[in-house]
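**Student:** So here's run.txt (compact mmCIF, N, CA and C atoms and all ligand atoms).
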# COMPACT_ATOMS: atom_id res chain seq x y z
N MET A 726 -47.29 -21.15 4.17
CA MET A 726 -47.99 -20.32 3.18
C MET A 726 -47.83 -20.92 1.79
N ALA A 727 -48.90 -20.89 1.03
CA ALA A 727 -48.81 -21.44 -0.33
C ALA A 727 -47.82 -20.62 -1.16
N LEU A 728 -47.15 -21.31 -2.03
CA LEU A 728 -46.14 -20.64 -2.87
C LEU A 728 -46.80 -19.63 -3.80
N TYR A 729 -47.96 -20.01 -4.34
CA TYR A 729 -48.66 -19.13 -5.28
C TYR A 729 -49.99 -18.69 -4.70
N SER A 730 -50.35 -17.44 -4.96
CA SER A 730 -51.64 -16.92 -4.47
C SER A 730 -52.79 -17.60 -5.21
N GLU A 731 -53.98 -17.45 -4.63
CA GLU A 731 -55.17 -18.02 -5.29
C GLU A 731 -55.38 -17.39 -6.66
N LYS A 732 -55.07 -16.09 -6.75
CA LYS A 732 -55.26 -15.40 -8.04
C LYS A 732 -54.31 -15.95 -9.09
N VAL A 733 -53.08 -16.22 -8.70
CA VAL A 733 -52.13 -16.80 -9.66
C VAL A 733 -52.66 -18.14 -10.14
N MET A 734 -53.12 -18.96 -9.20
CA MET A 734 -53.61 -20.29 -9.56
C MET A 734 -54.85 -20.18 -10.45
N ASP A 735 -55.72 -19.22 -10.12
CA ASP A 735 -56.94 -19.03 -10.91
C ASP A 735 -56.59 -18.63 -12.36
N HIS A 736 -55.69 -17.66 -12.50
CA HIS A 736 -55.34 -17.20 -13.86
C HIS A 736 -54.52 -18.23 -14.61
N PHE A 737 -53.81 -19.08 -13.88
CA PHE A 737 -53.07 -20.17 -14.53
C PHE A 737 -54.04 -21.25 -15.02
N ARG A 738 -55.02 -21.58 -14.17
CA ARG A 738 -55.95 -22.66 -14.54
C ARG A 738 -57.00 -22.19 -15.53
N ASN A 739 -57.42 -20.93 -15.40
CA ASN A 739 -58.47 -20.39 -16.28
C ASN A 739 -58.00 -19.09 -16.91
N PRO A 740 -56.98 -19.15 -17.74
CA PRO A 740 -56.45 -17.90 -18.29
C PRO A 740 -57.50 -17.17 -19.13
N ARG A 741 -57.55 -15.83 -18.95
CA ARG A 741 -58.48 -15.00 -19.70
C ARG A 741 -57.81 -14.56 -21.00
N ASN A 742 -58.64 -14.37 -22.00
CA ASN A 742 -58.19 -13.78 -23.27
C ASN A 742 -57.08 -14.57 -23.97
N VAL A 743 -57.20 -15.89 -23.92
CA VAL A 743 -56.22 -16.73 -24.62
C VAL A 743 -56.61 -16.83 -26.08
N GLY A 744 -55.65 -16.80 -26.96
CA GLY A 744 -55.92 -17.03 -28.38
C GLY A 744 -55.23 -16.04 -29.27
N VAL A 745 -55.76 -15.97 -30.48
CA VAL A 745 -55.15 -15.15 -31.52
C VAL A 745 -56.22 -14.20 -32.05
N ILE A 746 -55.85 -12.96 -32.35
CA ILE A 746 -56.75 -12.06 -33.09
C ILE A 746 -56.24 -12.06 -34.52
N GLU A 747 -57.02 -12.64 -35.40
CA GLU A 747 -56.55 -12.83 -36.78
C GLU A 747 -56.20 -11.52 -37.48
N ASN A 748 -57.06 -10.52 -37.34
CA ASN A 748 -56.80 -9.24 -38.01
C ASN A 748 -56.34 -8.19 -37.01
N ALA A 749 -55.41 -8.61 -36.15
CA ALA A 749 -54.93 -7.71 -35.09
C ALA A 749 -54.31 -6.45 -35.68
N ASP A 750 -54.45 -5.35 -34.96
CA ASP A 750 -53.80 -4.11 -35.38
C ASP A 750 -52.34 -4.09 -34.95
N ALA A 751 -52.01 -4.93 -33.99
CA ALA A 751 -50.64 -4.96 -33.50
C ALA A 751 -50.34 -6.31 -32.88
N VAL A 752 -49.11 -6.75 -33.07
CA VAL A 752 -48.67 -8.02 -32.50
C VAL A 752 -47.30 -7.81 -31.87
N GLY A 753 -47.15 -8.32 -30.67
CA GLY A 753 -45.85 -8.21 -30.00
C GLY A 753 -45.42 -9.56 -29.48
N GLU A 754 -44.20 -9.92 -29.77
CA GLU A 754 -43.71 -11.21 -29.28
C GLU A 754 -42.40 -11.01 -28.55
N VAL A 755 -42.32 -11.61 -27.39
CA VAL A 755 -41.05 -11.59 -26.66
C VAL A 755 -40.73 -13.01 -26.23
N GLY A 756 -39.47 -13.26 -26.08
CA GLY A 756 -39.07 -14.59 -25.69
C GLY A 756 -37.79 -14.56 -24.92
N ASN A 757 -37.49 -15.66 -24.31
CA ASN A 757 -36.23 -15.79 -23.62
C ASN A 757 -35.53 -17.05 -24.10
N ALA A 758 -34.38 -16.85 -24.67
CA ALA A 758 -33.66 -17.97 -25.26
C ALA A 758 -33.26 -19.01 -24.22
N LYS A 759 -33.06 -18.54 -23.03
CA LYS A 759 -32.57 -19.43 -21.98
C LYS A 759 -33.60 -20.45 -21.52
N CYS A 760 -34.81 -19.95 -21.18
CA CYS A 760 -35.82 -20.90 -20.69
C CYS A 760 -36.78 -21.30 -21.81
N GLY A 761 -36.72 -20.61 -22.94
CA GLY A 761 -37.54 -20.99 -24.08
C GLY A 761 -38.95 -20.45 -24.01
N ASP A 762 -39.28 -19.67 -22.97
CA ASP A 762 -40.63 -19.14 -22.86
C ASP A 762 -40.86 -18.07 -23.92
N ILE A 763 -42.04 -18.13 -24.53
CA ILE A 763 -42.40 -17.17 -25.57
C ILE A 763 -43.80 -16.65 -25.29
N MET A 764 -43.97 -15.34 -25.43
CA MET A 764 -45.27 -14.74 -25.21
C MET A 764 -45.62 -13.84 -26.39
N THR A 765 -46.83 -14.00 -26.90
CA THR A 765 -47.28 -13.15 -28.00
C THR A 765 -48.58 -12.45 -27.60
N MET A 766 -48.62 -11.16 -27.83
CA MET A 766 -49.82 -10.36 -27.54
C MET A 766 -50.41 -9.85 -28.84
N TYR A 767 -51.70 -9.94 -28.97
CA TYR A 767 -52.42 -9.42 -30.14
C TYR A 767 -53.35 -8.31 -29.65
N LEU A 768 -53.30 -7.17 -30.31
CA LEU A 768 -54.15 -6.04 -29.89
C LEU A 768 -55.06 -5.59 -31.03
N LYS A 769 -56.26 -5.25 -30.67
CA LYS A 769 -57.19 -4.56 -31.56
C LYS A 769 -57.29 -3.15 -30.99
N ILE A 770 -57.07 -2.16 -31.82
CA ILE A 770 -57.03 -0.79 -31.31
C ILE A 770 -58.02 0.08 -32.08
N ASP A 771 -58.90 0.74 -31.33
CA ASP A 771 -59.86 1.66 -31.94
C ASP A 771 -59.74 3.01 -31.26
N ASN A 772 -59.45 4.04 -32.05
CA ASN A 772 -59.30 5.39 -31.49
C ASN A 772 -58.37 5.42 -30.28
N ASP A 773 -57.23 4.78 -30.45
CA ASP A 773 -56.21 4.77 -29.38
C ASP A 773 -56.63 4.01 -28.12
N VAL A 774 -57.69 3.24 -28.24
CA VAL A 774 -58.11 2.43 -27.09
C VAL A 774 -57.98 0.95 -27.45
N ILE A 775 -57.49 0.17 -26.51
CA ILE A 775 -57.33 -1.27 -26.76
C ILE A 775 -58.69 -1.93 -26.59
N SER A 776 -59.33 -2.19 -27.72
CA SER A 776 -60.70 -2.70 -27.66
C SER A 776 -60.70 -4.22 -27.47
N ASP A 777 -59.63 -4.88 -27.87
CA ASP A 777 -59.56 -6.33 -27.65
C ASP A 777 -58.09 -6.73 -27.54
N VAL A 778 -57.86 -7.77 -26.77
CA VAL A 778 -56.50 -8.27 -26.58
C VAL A 778 -56.55 -9.77 -26.37
N LYS A 779 -55.62 -10.46 -26.98
CA LYS A 779 -55.51 -11.90 -26.76
C LYS A 779 -54.03 -12.25 -26.66
N PHE A 780 -53.76 -13.37 -26.03
CA PHE A 780 -52.35 -13.77 -25.91
C PHE A 780 -52.17 -15.26 -26.10
N GLU A 781 -50.96 -15.60 -26.46
CA GLU A 781 -50.52 -16.99 -26.47
C GLU A 781 -49.21 -17.02 -25.69
N THR A 782 -49.15 -17.90 -24.71
CA THR A 782 -47.91 -18.02 -23.95
C THR A 782 -47.46 -19.46 -23.94
N PHE A 783 -46.27 -19.67 -24.42
CA PHE A 783 -45.63 -20.97 -24.32
C PHE A 783 -44.63 -20.82 -23.19
N GLY A 784 -45.06 -21.21 -22.00
CA GLY A 784 -44.15 -20.97 -20.90
C GLY A 784 -44.68 -21.47 -19.58
N CYS A 785 -44.05 -21.02 -18.52
CA CYS A 785 -44.36 -21.51 -17.18
C CYS A 785 -45.70 -20.96 -16.69
N GLY A 786 -46.17 -21.52 -15.58
CA GLY A 786 -47.45 -21.11 -15.02
C GLY A 786 -47.49 -19.65 -14.65
N SER A 787 -46.40 -19.14 -14.12
CA SER A 787 -46.36 -17.72 -13.73
C SER A 787 -46.44 -16.82 -14.95
N ALA A 788 -45.84 -17.25 -16.04
CA ALA A 788 -45.90 -16.47 -17.27
C ALA A 788 -47.32 -16.47 -17.82
N ILE A 789 -48.00 -17.60 -17.73
CA ILE A 789 -49.39 -17.68 -18.21
C ILE A 789 -50.30 -16.81 -17.34
N ALA A 790 -50.15 -16.92 -16.01
CA ALA A 790 -50.98 -16.12 -15.11
C ALA A 790 -50.69 -14.63 -15.32
N SER A 791 -49.44 -14.29 -15.52
CA SER A 791 -49.08 -12.87 -15.73
C SER A 791 -49.68 -12.34 -17.02
N SER A 792 -49.61 -13.15 -18.09
CA SER A 792 -50.19 -12.70 -19.36
C SER A 792 -51.68 -12.49 -19.22
N SER A 793 -52.33 -13.45 -18.57
CA SER A 793 -53.78 -13.38 -18.40
C SER A 793 -54.16 -12.12 -17.63
N MET A 794 -53.49 -11.88 -16.52
CA MET A 794 -53.80 -10.69 -15.71
C MET A 794 -53.50 -9.42 -16.50
N ALA A 795 -52.38 -9.43 -17.21
CA ALA A 795 -52.00 -8.23 -17.96
C ALA A 795 -53.06 -7.89 -19.01
N THR A 796 -53.63 -8.90 -19.65
CA THR A 796 -54.66 -8.61 -20.67
C THR A 796 -55.89 -7.99 -20.01
N GLU A 797 -56.22 -8.48 -18.81
CA GLU A 797 -57.37 -7.91 -18.10
C GLU A 797 -57.10 -6.45 -17.73
N LEU A 798 -55.86 -6.15 -17.40
CA LEU A 798 -55.52 -4.80 -16.95
C LEU A 798 -55.50 -3.78 -18.09
N ILE A 799 -55.27 -4.24 -19.32
CA ILE A 799 -55.17 -3.27 -20.42
C ILE A 799 -56.41 -3.23 -21.32
N LYS A 800 -57.26 -4.23 -21.20
CA LYS A 800 -58.44 -4.27 -22.08
C LYS A 800 -59.34 -3.07 -21.80
N GLY A 801 -59.68 -2.35 -22.87
CA GLY A 801 -60.55 -1.18 -22.73
C GLY A 801 -59.81 0.08 -22.31
N LYS A 802 -58.50 -0.03 -22.17
CA LYS A 802 -57.71 1.14 -21.72
C LYS A 802 -57.04 1.83 -22.91
N PRO A 803 -56.78 3.13 -22.77
CA PRO A 803 -56.03 3.83 -23.82
C PRO A 803 -54.61 3.26 -23.92
N ILE A 804 -54.06 3.36 -25.12
CA ILE A 804 -52.70 2.86 -25.34
C ILE A 804 -51.72 3.45 -24.32
N ALA A 805 -51.87 4.77 -24.09
CA ALA A 805 -50.93 5.45 -23.19
C ALA A 805 -50.94 4.81 -21.81
N GLU A 806 -52.11 4.38 -21.39
CA GLU A 806 -52.21 3.76 -20.06
C GLU A 806 -51.58 2.37 -20.07
N ALA A 807 -51.81 1.63 -21.16
CA ALA A 807 -51.23 0.28 -21.27
C ALA A 807 -49.71 0.35 -21.27
N LEU A 808 -49.19 1.41 -21.84
CA LEU A 808 -47.73 1.57 -21.89
C LEU A 808 -47.13 1.75 -20.50
N GLU A 809 -47.95 2.24 -19.59
CA GLU A 809 -47.47 2.50 -18.23
C GLU A 809 -47.47 1.24 -17.38
N LEU A 810 -48.11 0.19 -17.87
CA LEU A 810 -48.25 -1.03 -17.06
C LEU A 810 -46.87 -1.65 -16.81
N THR A 811 -46.58 -1.84 -15.54
CA THR A 811 -45.29 -2.44 -15.19
C THR A 811 -45.48 -3.89 -14.76
N ASN A 812 -44.40 -4.63 -14.81
CA ASN A 812 -44.49 -6.02 -14.36
C ASN A 812 -44.82 -6.07 -12.87
N LYS A 813 -44.39 -5.05 -12.13
CA LYS A 813 -44.71 -5.01 -10.69
C LYS A 813 -46.21 -4.89 -10.48
N ALA A 814 -46.85 -4.05 -11.31
CA ALA A 814 -48.30 -3.87 -11.18
C ALA A 814 -49.03 -5.18 -11.52
N VAL A 815 -48.51 -5.90 -12.52
CA VAL A 815 -49.12 -7.18 -12.88
C VAL A 815 -48.98 -8.16 -11.71
N ALA A 816 -47.79 -8.22 -11.14
CA ALA A 816 -47.55 -9.14 -10.02
C ALA A 816 -48.41 -8.75 -8.82
N GLU A 817 -48.55 -7.46 -8.58
CA GLU A 817 -49.38 -7.01 -7.45
C GLU A 817 -50.83 -7.39 -7.66
N ALA A 818 -51.29 -7.23 -8.91
CA ALA A 818 -52.68 -7.58 -9.21
C ALA A 818 -52.93 -9.08 -9.02
N LEU A 819 -51.85 -9.85 -9.09
CA LEU A 819 -51.96 -11.31 -8.87
C LEU A 819 -51.75 -11.65 -7.39
N ASP A 820 -51.71 -10.63 -6.55
CA ASP A 820 -51.41 -10.81 -5.12
C ASP A 820 -50.02 -11.40 -4.91
N GLY A 821 -49.13 -11.04 -5.79
CA GLY A 821 -47.72 -11.38 -5.61
C GLY A 821 -47.28 -12.62 -6.37
N LEU A 822 -45.98 -12.65 -6.63
CA LEU A 822 -45.32 -13.82 -7.22
C LEU A 822 -44.08 -14.08 -6.37
N PRO A 823 -43.64 -15.31 -6.28
CA PRO A 823 -42.39 -15.55 -5.57
C PRO A 823 -41.27 -14.74 -6.23
N ALA A 824 -40.33 -14.27 -5.45
CA ALA A 824 -39.27 -13.39 -5.97
C ALA A 824 -38.60 -13.97 -7.20
N TYR A 825 -38.32 -15.25 -7.17
CA TYR A 825 -37.59 -15.84 -8.30
C TYR A 825 -38.48 -16.07 -9.52
N LYS A 826 -39.77 -15.69 -9.39
CA LYS A 826 -40.68 -15.80 -10.54
C LYS A 826 -41.11 -14.42 -11.06
N MET A 827 -40.57 -13.37 -10.46
CA MET A 827 -40.95 -12.02 -10.90
C MET A 827 -40.58 -11.80 -12.38
N HIS A 828 -39.51 -12.42 -12.80
CA HIS A 828 -39.08 -12.21 -14.19
C HIS A 828 -40.13 -12.69 -15.18
N CYS A 829 -40.99 -13.62 -14.77
CA CYS A 829 -42.03 -14.12 -15.67
C CYS A 829 -43.04 -13.00 -15.99
N SER A 830 -43.27 -12.14 -14.99
CA SER A 830 -44.20 -11.03 -15.23
C SER A 830 -43.58 -9.99 -16.15
N VAL A 831 -42.25 -9.96 -16.20
CA VAL A 831 -41.57 -9.02 -17.11
C VAL A 831 -41.91 -9.35 -18.56
N LEU A 832 -42.11 -10.63 -18.84
CA LEU A 832 -42.47 -11.03 -20.21
C LEU A 832 -43.79 -10.39 -20.62
N ALA A 833 -44.76 -10.34 -19.69
CA ALA A 833 -46.07 -9.77 -20.02
C ALA A 833 -45.94 -8.28 -20.35
N GLU A 834 -45.21 -7.58 -19.51
CA GLU A 834 -44.98 -6.15 -19.78
C GLU A 834 -44.29 -5.98 -21.12
N GLY A 835 -43.30 -6.81 -21.38
CA GLY A 835 -42.54 -6.68 -22.61
C GLY A 835 -43.37 -6.97 -23.84
N ALA A 836 -44.25 -7.96 -23.75
CA ALA A 836 -45.07 -8.33 -24.91
C ALA A 836 -46.06 -7.21 -25.25
N ILE A 837 -46.60 -6.58 -24.21
CA ILE A 837 -47.52 -5.46 -24.45
C ILE A 837 -46.76 -4.30 -25.10
N LYS A 838 -45.61 -4.00 -24.56
CA LYS A 838 -44.82 -2.89 -25.12
C LYS A 838 -44.42 -3.19 -26.57
N ALA A 839 -44.04 -4.43 -26.82
CA ALA A 839 -43.64 -4.81 -28.19
C ALA A 839 -44.81 -4.65 -29.15
N ALA A 840 -46.02 -4.98 -28.68
CA ALA A 840 -47.21 -4.85 -29.54
C ALA A 840 -47.50 -3.37 -29.81
N ILE A 841 -47.38 -2.55 -28.80
CA ILE A 841 -47.65 -1.11 -29.00
C ILE A 841 -46.61 -0.50 -29.93
N LYS A 842 -45.39 -0.93 -29.78
CA LYS A 842 -44.34 -0.46 -30.69
C LYS A 842 -44.67 -0.87 -32.13
N ASP A 843 -45.14 -2.09 -32.27
CA ASP A 843 -45.55 -2.58 -33.60
C ASP A 843 -46.65 -1.68 -34.18
N TYR A 844 -47.59 -1.30 -33.32
CA TYR A 844 -48.69 -0.43 -33.76
C TYR A 844 -48.15 0.93 -34.21
N TYR A 845 -47.27 1.49 -33.42
CA TYR A 845 -46.68 2.79 -33.77
C TYR A 845 -45.91 2.69 -35.08
N ASP A 846 -45.13 1.63 -35.21
CA ASP A 846 -44.32 1.46 -36.43
C ASP A 846 -45.22 1.33 -37.66
N LYS A 847 -46.25 0.49 -37.55
CA LYS A 847 -47.14 0.24 -38.69
C LYS A 847 -47.88 1.50 -39.12
N ASN A 848 -48.16 2.36 -38.15
CA ASN A 848 -48.98 3.54 -38.44
C ASN A 848 -48.17 4.82 -38.55
N GLY A 849 -46.85 4.67 -38.54
CA GLY A 849 -45.99 5.85 -38.69
C GLY A 849 -46.15 6.85 -37.56
N ILE A 850 -46.43 6.34 -36.37
CA ILE A 850 -46.60 7.23 -35.22
C ILE A 850 -45.24 7.39 -34.53
N ALA A 851 -44.85 8.64 -34.31
CA ALA A 851 -43.55 8.91 -33.69
C ALA A 851 -43.58 8.55 -32.21
N TYR A 852 -42.45 8.08 -31.71
CA TYR A 852 -42.37 7.75 -30.28
C TYR A 852 -40.93 7.87 -29.82
N ASP A 853 -40.80 7.90 -28.52
CA ASP A 853 -39.49 7.98 -27.91
C ASP A 853 -38.96 6.55 -27.77
N ALA A 854 -37.88 6.25 -28.50
CA ALA A 854 -37.37 4.88 -28.52
C ALA A 854 -37.00 4.37 -27.13
N LYS A 855 -36.72 5.30 -26.24
CA LYS A 855 -36.34 4.89 -24.87
C LYS A 855 -37.46 4.14 -24.17
N GLN A 856 -38.70 4.46 -24.59
CA GLN A 856 -39.85 3.78 -23.98
C GLN A 856 -39.79 2.28 -24.25
N PHE A 857 -39.12 1.94 -25.32
CA PHE A 857 -39.12 0.53 -25.73
C PHE A 857 -37.73 -0.07 -25.66
N ALA A 858 -36.90 0.52 -24.83
CA ALA A 858 -35.52 0.03 -24.72
C ALA A 858 -35.49 -1.39 -24.20
N GLU A 859 -34.60 -2.13 -24.73
CA GLU A 859 -34.29 -3.50 -24.29
C GLU A 859 -35.50 -4.36 -23.89
N GLY A 860 -35.61 -5.45 -24.51
CA GLY A 860 -36.67 -6.39 -24.18
C GLY A 860 -36.42 -7.03 -22.85
N PRO A 861 -37.42 -7.73 -22.34
CA PRO A 861 -37.29 -8.33 -21.02
C PRO A 861 -36.36 -9.55 -21.04
N GLU A 862 -35.80 -9.78 -19.94
CA GLU A 862 -34.93 -10.95 -19.79
C GLU A 862 -35.43 -11.74 -18.59
N CYS A 863 -35.36 -13.02 -18.67
CA CYS A 863 -35.63 -13.80 -17.45
C CYS A 863 -34.41 -14.66 -17.22
N ALA A 864 -33.37 -14.00 -16.83
CA ALA A 864 -32.06 -14.63 -16.75
C ALA A 864 -31.97 -15.78 -15.75
N HIS A 865 -32.87 -15.76 -14.76
CA HIS A 865 -32.68 -16.77 -13.71
C HIS A 865 -33.59 -17.98 -13.87
N CYS A 866 -34.33 -17.99 -14.97
CA CYS A 866 -35.36 -19.03 -15.15
C CYS A 866 -34.92 -20.43 -14.82
N CYS A 867 -34.06 -20.92 -15.61
CA CYS A 867 -33.84 -22.36 -15.58
C CYS A 867 -32.46 -22.70 -15.04
N GLU A 868 -31.99 -21.86 -14.16
CA GLU A 868 -30.68 -22.13 -13.57
C GLU A 868 -30.85 -23.05 -12.37
FE1 LIG B 901 -41.28 -18.15 -16.28
FE2 LIG B 901 -39.08 -18.04 -17.94
S1 LIG B 901 -40.88 -16.80 -17.94
S2 LIG B 901 -39.57 -19.51 -16.37
Using structure tokens, write down the structure from this file.

**Tutor:**
Amino acid sequence: MALYSEKVMDHFRNPRNVGVIENADAVGEVGNAKCGDIMTMYLKIDNDVISDVKFETFGCGSAIASSSMATELIKGKPIAEALELTNKAVAEALDGLPAYKMHCSVLAEGAIKAAIKDYYDKNGIAYDAKQFAEGPECAHCCE
């Protein structure tokens, strides 16, 4: 069996929504000091709906595929729904990731959450800090 699904390979080779939104309403960046992977999400938000999203990922193929899929999953969705997106859902939408690469999908979830937190902070919107507890870690990356 191939290590990576066709969807992973497709999103790795042809990532959707790559780039920067210059006048983004929110920006979230997460990184892992150990493997050096960095992911940045840019959101445009209109009436609590994510009207546009772009990402930049400096990292492994699984991180790029996860970011790409995650942007597709949240585009056009209300913020509240994007907040519910888990790394498991991203991996499932990619038809799976090898177990030791699951942590790469955690970066995508974390970058989205960091961007939404940025939006809340900038706009003085109250939130439960627990929703944004601890950023993602990919502790097993480069061991
Ligand atoms: Fe994939 Fe760190 S995010 S190796």

**Student:** For the atom pair atom C of A:Glu747 and atom C of A:Ser787, what is the interatomic distance in Å to one decimal place?

**Tutor:** 25.1 Å

**Student:** Kindly work out which residues sit at most 6.5 Å from ligand LIG 901 (chain B), using all atoms listed in the file, and give the list as a list in words.

**Tutor:**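 Those within range of ligand LIG 901 (chain B) are Cys760, Gly761, Asp762, Gly784, Cys785, Gly786, Ser787, Ala788, Lys826, His828, Cys829, Ser830, Leu832, Cys863, Cys866 and Cys867 of chain A.
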
**Student:** Excluding A:Gly821 and its own-chain neighbours fewer than 6 positions away, which residues fall within 7 Å of it when counting only N, CA and C atoms? Please give them as a tab-separated table (two decimals) with N, CA and C atoms, in the coordinates of the input.

**Tutor:**
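Saved to out.tsv:
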chain	number	residue	atom	x	y	z
A	729	TYR	N	-47.96	-20.01	-4.34
A	729	TYR	CA	-48.66	-19.13	-5.28
A	729	TYR	C	-49.99	-18.69	-4.70
A	730	SER	N	-50.35	-17.44	-4.96
A	730	SER	CA	-51.64	-16.92	-4.47
A	730	SER	C	-52.79	-17.60	-5.21
A	815	VAL	N	-48.51	-5.90	-12.52
A	815	VAL	CA	-49.12	-7.18	-12.88
A	815	VAL	C	-48.98	-8.16	-11.71

**Student:** Please, what distance in Å, to one decimal, runs between atom CA of A:Val774 and atom CA of A:Leu810?

**Tutor:**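 Result for atom CA of A:Val774 versus atom CA of A:Leu810: 14.5 Å, one decimal.
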
**Student:** Closest to A:Ser776 among A:Glu754, A:Ala840, A:Leu808, A:Ile799, using all atoms listed in the file?

**Tutor:**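 Once distances to A:Ser776 are computed over all atoms listed in the file, the minimum belongs to A:Ile799.
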
**Student:** Using only N, CA and C atoms, determine which residues lie at most 8 Å from A:Ile837, disregarding the query and same-chain residues fewer than 2 positions distant; provide the list as a PyMOL selection string.

**Tutor:** chain A and resi 752-755+764-767+807-808+831-835+839-843

**Student:** By how many Å are atom CA of A:Lys847 and atom CA of A:Lys800 apart?

**Tutor:**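 A separation of 20.6 Å between them.
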
**Student:** So which bits of stretch 772-865 of chain A end up alpha helix (DSSP H) when you DSSP the backbone, as a ChimeraX atom specification?

**Tutor:** /A:786-799,804-808,812-818,827-847

**Student:** Quick one: of A:Glu809, A:Ile850, A:Val745, A:Arg738, who's nearest to A:Ala790, counting only C-alpha atoms?

**Tutor:**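 Result for the nearest residue to A:Ala790: A:Arg738.
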
**Student:** Which residue is closest to A:Val743? Choose from A:Lys779, A:Lys769, A:Lys838, A:Lys802 and count only C-alpha atoms.

**Tutor:**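 Of A:Lys779, A:Lys769, A:Lys838, A:Lys802, the one nearest A:Val743, counting only C-alpha atoms, is A:Lys779.
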
**Student:** Which is closest to A:Pro740 among A:Glu817, A:Ala805, A:Asp853, A:Met794, if we use all atoms listed in the file?

**Tutor:** A:Met794

**Student:** With only C-alpha atoms as the basis for distance, which of A:Leu728, A:Phe783, A:Gly756, A:His736 is at the shortest distance from A:Leu819?

**Tutor:**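 Among the listed residues, A:His736 lies closest to A:Leu819.
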
**Student:** With DSSP run on the backbone, what are the strand (DSSP E) residues within stretch 744-857 of chain A? I'd like them as a list in words.

**Tutor:**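 These are the residues in question: Ala751, Val752, Gly753, Glu754, Val755, Gly756, Ile763, Met764, Thr765, Met766, Tyr767, Leu768, Lys769, Ile770, Asp771, Val774, Ile775, Ser776, Asp777, Val778, Lys779, Phe780, Glu781, Thr782 and Phe783 of chain A.
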
**Student:** Write out, as a short mmCIF file (atom, residue, chain, number, x, y, z; two decimals), keeping the file's coordinate frame, the residues just selected, with N, CA and C atoms.

**Tutor:**
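After the write, again30.cif holds the following:
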data_model
loop_
_atom_site.label_atom_id
_atom_site.label_comp_id
_atom_site.auth_asym_id
_atom_site.auth_seq_id
_atom_site.Cartn_x
_atom_site.Cartn_y
_atom_site.Cartn_z
N ALA A 751 -52.01 -4.93 -33.99
CA ALA A 751 -50.64 -4.96 -33.50
C ALA A 751 -50.34 -6.31 -32.88
N VAL A 752 -49.11 -6.75 -33.07
CA VAL A 752 -48.67 -8.02 -32.50
C VAL A 752 -47.30 -7.81 -31.87
N GLY A 753 -47.15 -8.32 -30.67
CA GLY A 753 -45.85 -8.21 -30.00
C GLY A 753 -45.42 -9.56 -29.48
N GLU A 754 -44.20 -9.92 -29.77
CA GLU A 754 -43.71 -11.21 -29.28
C GLU A 754 -42.40 -11.01 -28.55
N VAL A 755 -42.32 -11.61 -27.39
CA VAL A 755 -41.05 -11.59 -26.66
C VAL A 755 -40.73 -13.01 -26.23
N GLY A 756 -39.47 -13.26 -26.08
CA GLY A 756 -39.07 -14.59 -25.69
C GLY A 756 -37.79 -14.56 -24.92
N ILE A 763 -42.04 -18.13 -24.53
CA ILE A 763 -42.40 -17.17 -25.57
C ILE A 763 -43.80 -16.65 -25.29
N MET A 764 -43.97 -15.34 -25.43
CA MET A 764 -45.27 -14.74 -25.21
C MET A 764 -45.62 -13.84 -26.39
N THR A 765 -46.83 -14.00 -26.90
CA THR A 765 -47.28 -13.15 -28.00
C THR A 765 -48.58 -12.45 -27.60
N MET A 766 -48.62 -11.16 -27.83
CA MET A 766 -49.82 -10.36 -27.54
C MET A 766 -50.41 -9.85 -28.84
N TYR A 767 -51.70 -9.94 -28.97
CA TYR A 767 -52.42 -9.42 -30.14
C TYR A 767 -53.35 -8.31 -29.65
N LEU A 768 -53.30 -7.17 -30.31
CA LEU A 768 -54.15 -6.04 -29.89
C LEU A 768 -55.06 -5.59 -31.03
N LYS A 769 -56.26 -5.25 -30.67
CA LYS A 769 -57.19 -4.56 -31.56
C LYS A 769 -57.29 -3.15 -30.99
N ILE A 770 -57.07 -2.16 -31.82
CA ILE A 770 -57.03 -0.79 -31.31
C ILE A 770 -58.02 0.08 -32.08
N ASP A 771 -58.90 0.74 -31.33
CA ASP A 771 -59.86 1.66 -31.94
C ASP A 771 -59.74 3.01 -31.26
N VAL A 774 -57.69 3.24 -28.24
CA VAL A 774 -58.11 2.43 -27.09
C VAL A 774 -57.98 0.95 -27.45
N ILE A 775 -57.49 0.17 -26.51
CA ILE A 775 -57.33 -1.27 -26.76
C ILE A 775 -58.69 -1.93 -26.59
N SER A 776 -59.33 -2.19 -27.72
CA SER A 776 -60.70 -2.70 -27.66
C SER A 776 -60.70 -4.22 -27.47
N ASP A 777 -59.63 -4.88 -27.87
CA ASP A 777 -59.56 -6.33 -27.65
C ASP A 777 -58.09 -6.73 -27.54
N VAL A 778 -57.86 -7.77 -26.77
CA VAL A 778 -56.50 -8.27 -26.58
C VAL A 778 -56.55 -9.77 -26.37
N LYS A 779 -55.62 -10.46 -26.98
CA LYS A 779 -55.51 -11.90 -26.76
C LYS A 779 -54.03 -12.25 -26.66
N PHE A 780 -53.76 -13.37 -26.03
CA PHE A 780 -52.35 -13.77 -25.91
C PHE A 780 -52.17 -15.26 -26.10
N GLU A 781 -50.96 -15.60 -26.46
CA GLU A 781 -50.52 -16.99 -26.47
C GLU A 781 -49.21 -17.02 -25.69
N THR A 782 -49.15 -17.90 -24.71
CA THR A 782 -47.91 -18.02 -23.95
C THR A 782 -47.46 -19.46 -23.94
N PHE A 783 -46.27 -19.67 -24.42
CA PHE A 783 -45.63 -20.97 -24.32
C PHE A 783 -44.63 -20.82 -23.19
#

**Student:** Determine the nearest neighbour of A:Ala795 from the options A:Ala836, A:Ala824, A:Ala727, A:Met734, counting only C-alpha atoms.

**Tutor:**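 Closest to A:Ala795, using only C-alpha atoms: A:Ala836.
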
**Student:** Which residues, protein or nucleic acid, reach to within 5 Å of (-55.3, -5.1, -34.0) in the file's coordinates when using only N, CA and C atoms, and can you give that as JSON, numbers by chain?

**Tutor:** {"A": [748, 749, 750, 751, 768, 769, 770]}
